[in-house]
Structures are given as structure tokens and as C-alpha cells.
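Before any comments, here is the structure.
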Amino acid sequence: MRKVGYIIMMTLALLACEKDIELELNQKSDKLIMYAFVYPDSALNLHFSKSQSILSVADYQQVEKGRFQLYINDNFQGAYILPSDTVWSKWPEFSFDSGDDIRINAYEFNGDTVNATSFIPKVIPIIKTDTVSVKQNVSEIGVVEMLRMKITFQEPVGEKNYYQTLIIREGWGDIEGTPYYTRKTIAYDKDDLVFTGDQSGSLLPGIDFQGLFTDDIINGKKYELGINIPKDNLFFDYYEDKVKITIYLYHHTYDYYSYFRSTILADGYEGFYEGLPVFEPVKIHSNIENGLGLFSGINFDSDSLVFTK
């Protein structure tokens, strides 16, 4: 009897654990997606597509009979047909200046409409660039020779500003009469307070936000920002006879800053989330009304160091 009772209890336990789960996927209608990033003196590059079901193999679907309207400083520039063979289109006939307010309305013909507004931030000039050689103790590597680059800029008073520093290495040379060219983004050490102090919104201090920072601790000041570049970026490779290191100081809108930051957090940049038992999902920032994506103006200043053999 004891054995029979045990079998009955096990059977009931197994039956109690069975549960049918019905998944209702793709009940919501697809959303229009728009991306556009506008620089002064540059063409308008516009992405327009539709979102897909989570079960779809394709990342996006084409918009049939897409249209858009453009306004610059509330002046209507016209209505235009978007090409049907690509989701990215370039419009060189438009010109933009620093400080312009821009609005785009994009829509499916006889369908949904998305709207977005942005502006082109003013350029923040790099006043001065200095360099000095330093040595830094890097964990798991030891002492590494660095080029300490210091850029000075005047932070505007009385307004909230969003920035990013980006460093590009370019090399030129010759391979048996054929021009040789390389270009890469340099990963640099971010020990300046503007980087280390800007962990707001993240419970994971130490994550690399790719040079993004705000004016929280420098508002209205003339600031000298320090960046450490590993010196191996200054060496010539076999075919090079000229190397240029360019530092860009980007002035972003709040929307671009929030979008870029949220994508880094959502992706767990460079495996930062590996080994964590749980982390909170991150919603990607969007400023597209009735849709998804991002529309933002961008501005920058730059300075360069050139090395020749």
C-alpha cells in the first residue's frame, strides 16, 4: 500500500506541473521606423522602414510608397517620395546650418505617419590641444606608455549640454606604387572626471560609454579634458609613412546622447553583463512620435596630430 500511495502522489505531482502556455505573438501592428542624423553642411540621410515580428528572419520590412515632408526653421521645404529599392536615402539638395530647427513628417501613402523634431547644436570649439608622454599601470598588462592628450574648450553657461570624444587614427603609405590607407577608431583610457563621474542611470559603474559625457561638473567653465592614448597607435606599420591622430569633440542633443547610451546599456557593451545572474532590460530611447528610431542634429570640432617618417 505504501508503494501504491507513493506512485499516486508522484503521478499527481507530475500532472500538477503540466501547463499549456498560449503565446499570442505579433498582435500589435508593425511600427514605422525612422533614423536621420543631420550635420551642418551635409546631406540629409534618411532611413525609413517598418518593424518586424519577433519571429521574422528579416530585420525590417520595406515601406511601400513612402513619403516625407521637411521643415527647416518652420519653413516648408517640400514633400518627397522615398525610393522603393532601399531603406536609406540621401538628399544632397538640402543644406543645414548650426542652430537650425528641423522637423520631418514621414508616412506611408494612405497609411501611418511618424513625426520628429530636432536641432543642430552649436559647435563647441577646441581652444587648445597639448600632449605629454606618461606611463600608466594597466591591470593584467603592467606599465604602458601613453600619450596624454589634453584638449581645452569653453563650456557654455546656463544650458544643459551633451558631449562625446572620439579619436580616429589614419595612416597613409605606398605598396609598390599603389596608395595604402588605413583608418580605425582608437580605444583610449577615460580617467577624466567627466567620464568617471557620469554613471547616472546605470547600476553598473565602470561600463564604457564610448566617450559620452555631460556638463554636470563643468557647466560654464573653461575645461581641460585629459585622454590617454596607448602609444602603439603612434607607430608606423610596414607600409605607412604618415600617421594622423584626430580627436573629435562632438556636441550632441539630449536625444542622441540618451539613444547612444541606452543602446550601450541594452547590448551589455563588450560582454560587460557576462556572468551576471540577472540585469534589468533597457528600453532604447526614441524621439519618433507614433513610431521608433531617432532623429537628431549633431555638431563637432576637431584637432589633429600628424606624424611623418
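We label chains A, B, ... in the order they appear in the C-alpha cells, count residues from 1 in each chain, and number ligands from 1 in the order shown.
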Where does segment 214-261 of chain A meet segment 139-159 of chain A within 7 Å, residue by residue, with the nearest atom pair and distance in Å to one decimal for each, counting only C-alpha atoms, listed by chain and rising number, as a tab-separated table?
residue	atom	partner	partner_atom	distance
A:Ile218	CA	A:Glu155	CA	6.9
A:Asn219	CA	A:Glu155	CA	6.0
A:Gly220	CA	A:Val157	CA	3.9
A:Lys221	CA	A:Glu155	CA	5.3
A:Lys222	CA	A:Gln154	CA	4.2
A:Tyr223	CA	A:Thr152	CA	5.5
A:Glu224	CA	A:Thr152	CA	4.3
A:Leu225	CA	A:Ile151	CA	5.3
A:Gly226	CA	A:Lys150	CA	4.5
A:Ile227	CA	A:Met149	CA	5.2
A:Asn228	CA	A:Arg148	CA	4.6
A:Ile229	CA	A:Leu147	CA	5.0
A:Pro230	CA	A:Met146	CA	4.6
A:Lys231	CA	A:Met146	CA	5.0
Requested write-out: N, CA and C atoms of the selected residues, as a PDB file, in the first residue's frame:
ATOM      1  N   ILE A 218      31.100  70.567 -15.158  1.00  0.00           N
ATOM      2  CA  ILE A 218      31.917  71.586 -15.837  1.00  0.00           C
ATOM      3  C   ILE A 218      31.069  72.727 -16.380  1.00  0.00           C
ATOM      4  N   ASN A 219      29.810  72.819 -15.997  1.00  0.00           N
ATOM      5  CA  ASN A 219      28.899  73.790 -16.597  1.00  0.00           C
ATOM      6  C   ASN A 219      29.445  75.210 -16.511  1.00  0.00           C
ATOM      7  N   GLY A 220      29.608  75.844 -17.674  1.00  0.00           N
ATOM      8  CA  GLY A 220      30.044  77.231 -17.735  1.00  0.00           C
ATOM      9  C   GLY A 220      31.531  77.453 -17.540  1.00  0.00           C
ATOM     10  N   LYS A 221      32.317  76.383 -17.454  1.00  0.00           N
ATOM     11  CA  LYS A 221      33.752  76.525 -17.195  1.00  0.00           C
ATOM     12  C   LYS A 221      34.579  76.342 -18.469  1.00  0.00           C
ATOM     13  N   LYS A 222      35.778  76.928 -18.456  1.00  0.00           N
ATOM     14  CA  LYS A 222      36.783  76.549 -19.449  1.00  0.00           C
ATOM     15  C   LYS A 222      37.448  75.291 -18.908  1.00  0.00           C
ATOM     16  N   TYR A 223      37.340  74.206 -19.644  1.00  0.00           N
ATOM     17  CA  TYR A 223      37.747  72.912 -19.089  1.00  0.00           C
ATOM     18  C   TYR A 223      38.852  72.288 -19.923  1.00  0.00           C
ATOM     19  N   GLU A 224      39.824  71.697 -19.227  1.00  0.00           N
ATOM     20  CA  GLU A 224      40.897  70.950 -19.875  1.00  0.00           C
ATOM     21  C   GLU A 224      40.636  69.463 -19.669  1.00  0.00           C
ATOM     22  N   LEU A 225      40.230  68.792 -20.729  1.00  0.00           N
ATOM     23  CA  LEU A 225      39.863  67.379 -20.673  1.00  0.00           C
ATOM     24  C   LEU A 225      41.061  66.528 -21.063  1.00  0.00           C
ATOM     25  N   GLY A 226      41.371  65.521 -20.235  1.00  0.00           N
ATOM     26  CA  GLY A 226      42.526  64.664 -20.481  1.00  0.00           C
ATOM     27  C   GLY A 226      42.144  63.284 -20.971  1.00  0.00           C
ATOM     28  N   ILE A 227      42.872  62.800 -21.972  1.00  0.00           N
ATOM     29  CA  ILE A 227      42.639  61.485 -22.567  1.00  0.00           C
ATOM     30  C   ILE A 227      43.987  60.793 -22.750  1.00  0.00           C
ATOM     31  N   ASN A 228      44.065  59.514 -22.375  1.00  0.00           N
ATOM     32  CA  ASN A 228      45.298  58.738 -22.535  1.00  0.00           C
ATOM     33  C   ASN A 228      45.188  57.799 -23.727  1.00  0.00           C
ATOM     34  N   ILE A 229      46.088  58.001 -24.704  1.00  0.00           N
ATOM     35  CA  ILE A 229      46.096  57.181 -25.915  1.00  0.00           C
ATOM     36  C   ILE A 229      47.293  56.228 -25.858  1.00  0.00           C
ATOM     37  N   PRO A 230      47.071  54.920 -25.955  1.00  0.00           N
ATOM     38  CA  PRO A 230      48.210  53.991 -25.979  1.00  0.00           C
ATOM     39  C   PRO A 230      49.178  54.342 -27.109  1.00  0.00           C
ATOM     40  N   LYS A 231      50.477  54.384 -26.787  1.00  0.00           N
ATOM     41  CA  LYS A 231      51.462  54.870 -27.760  1.00  0.00           C
ATOM     42  C   LYS A 231      51.667  53.935 -28.949  1.00  0.00           C
TER      43      LYS A 231
END
Inset, instruction - Enumerate, as a count of residues only, the complete set of residues in segment 185-274 of chain A that a backbone-based DSSP assignment places in strand (DSSP E). - result: 26
Legend entry - For Arg261 of chain A: contacts at 9 Å, only C-alpha atoms, fewer than 5 positions along chain excluded, given as JSON, numbers by chain: {"A": [209, 210, 212, 256, 266, 284, 285]}
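Counting only C-alpha atoms and comparing A:Leu82, A:Leu249, A:Ile288, A:Ala106, the residue that lies closest to Ile126 of chain A is A:Leu249.
Taking atom CA of Ile247 of chain A and atom CA of Leu44 of chain A as endpoints, the distance between them is 24.2 Å.
Proximity of A:Asp216, A:Asp130, A:Asp241, A:Asp232 to Thr182 of chain A, computed with only C-alpha atoms, is greatest for A:Asp241.
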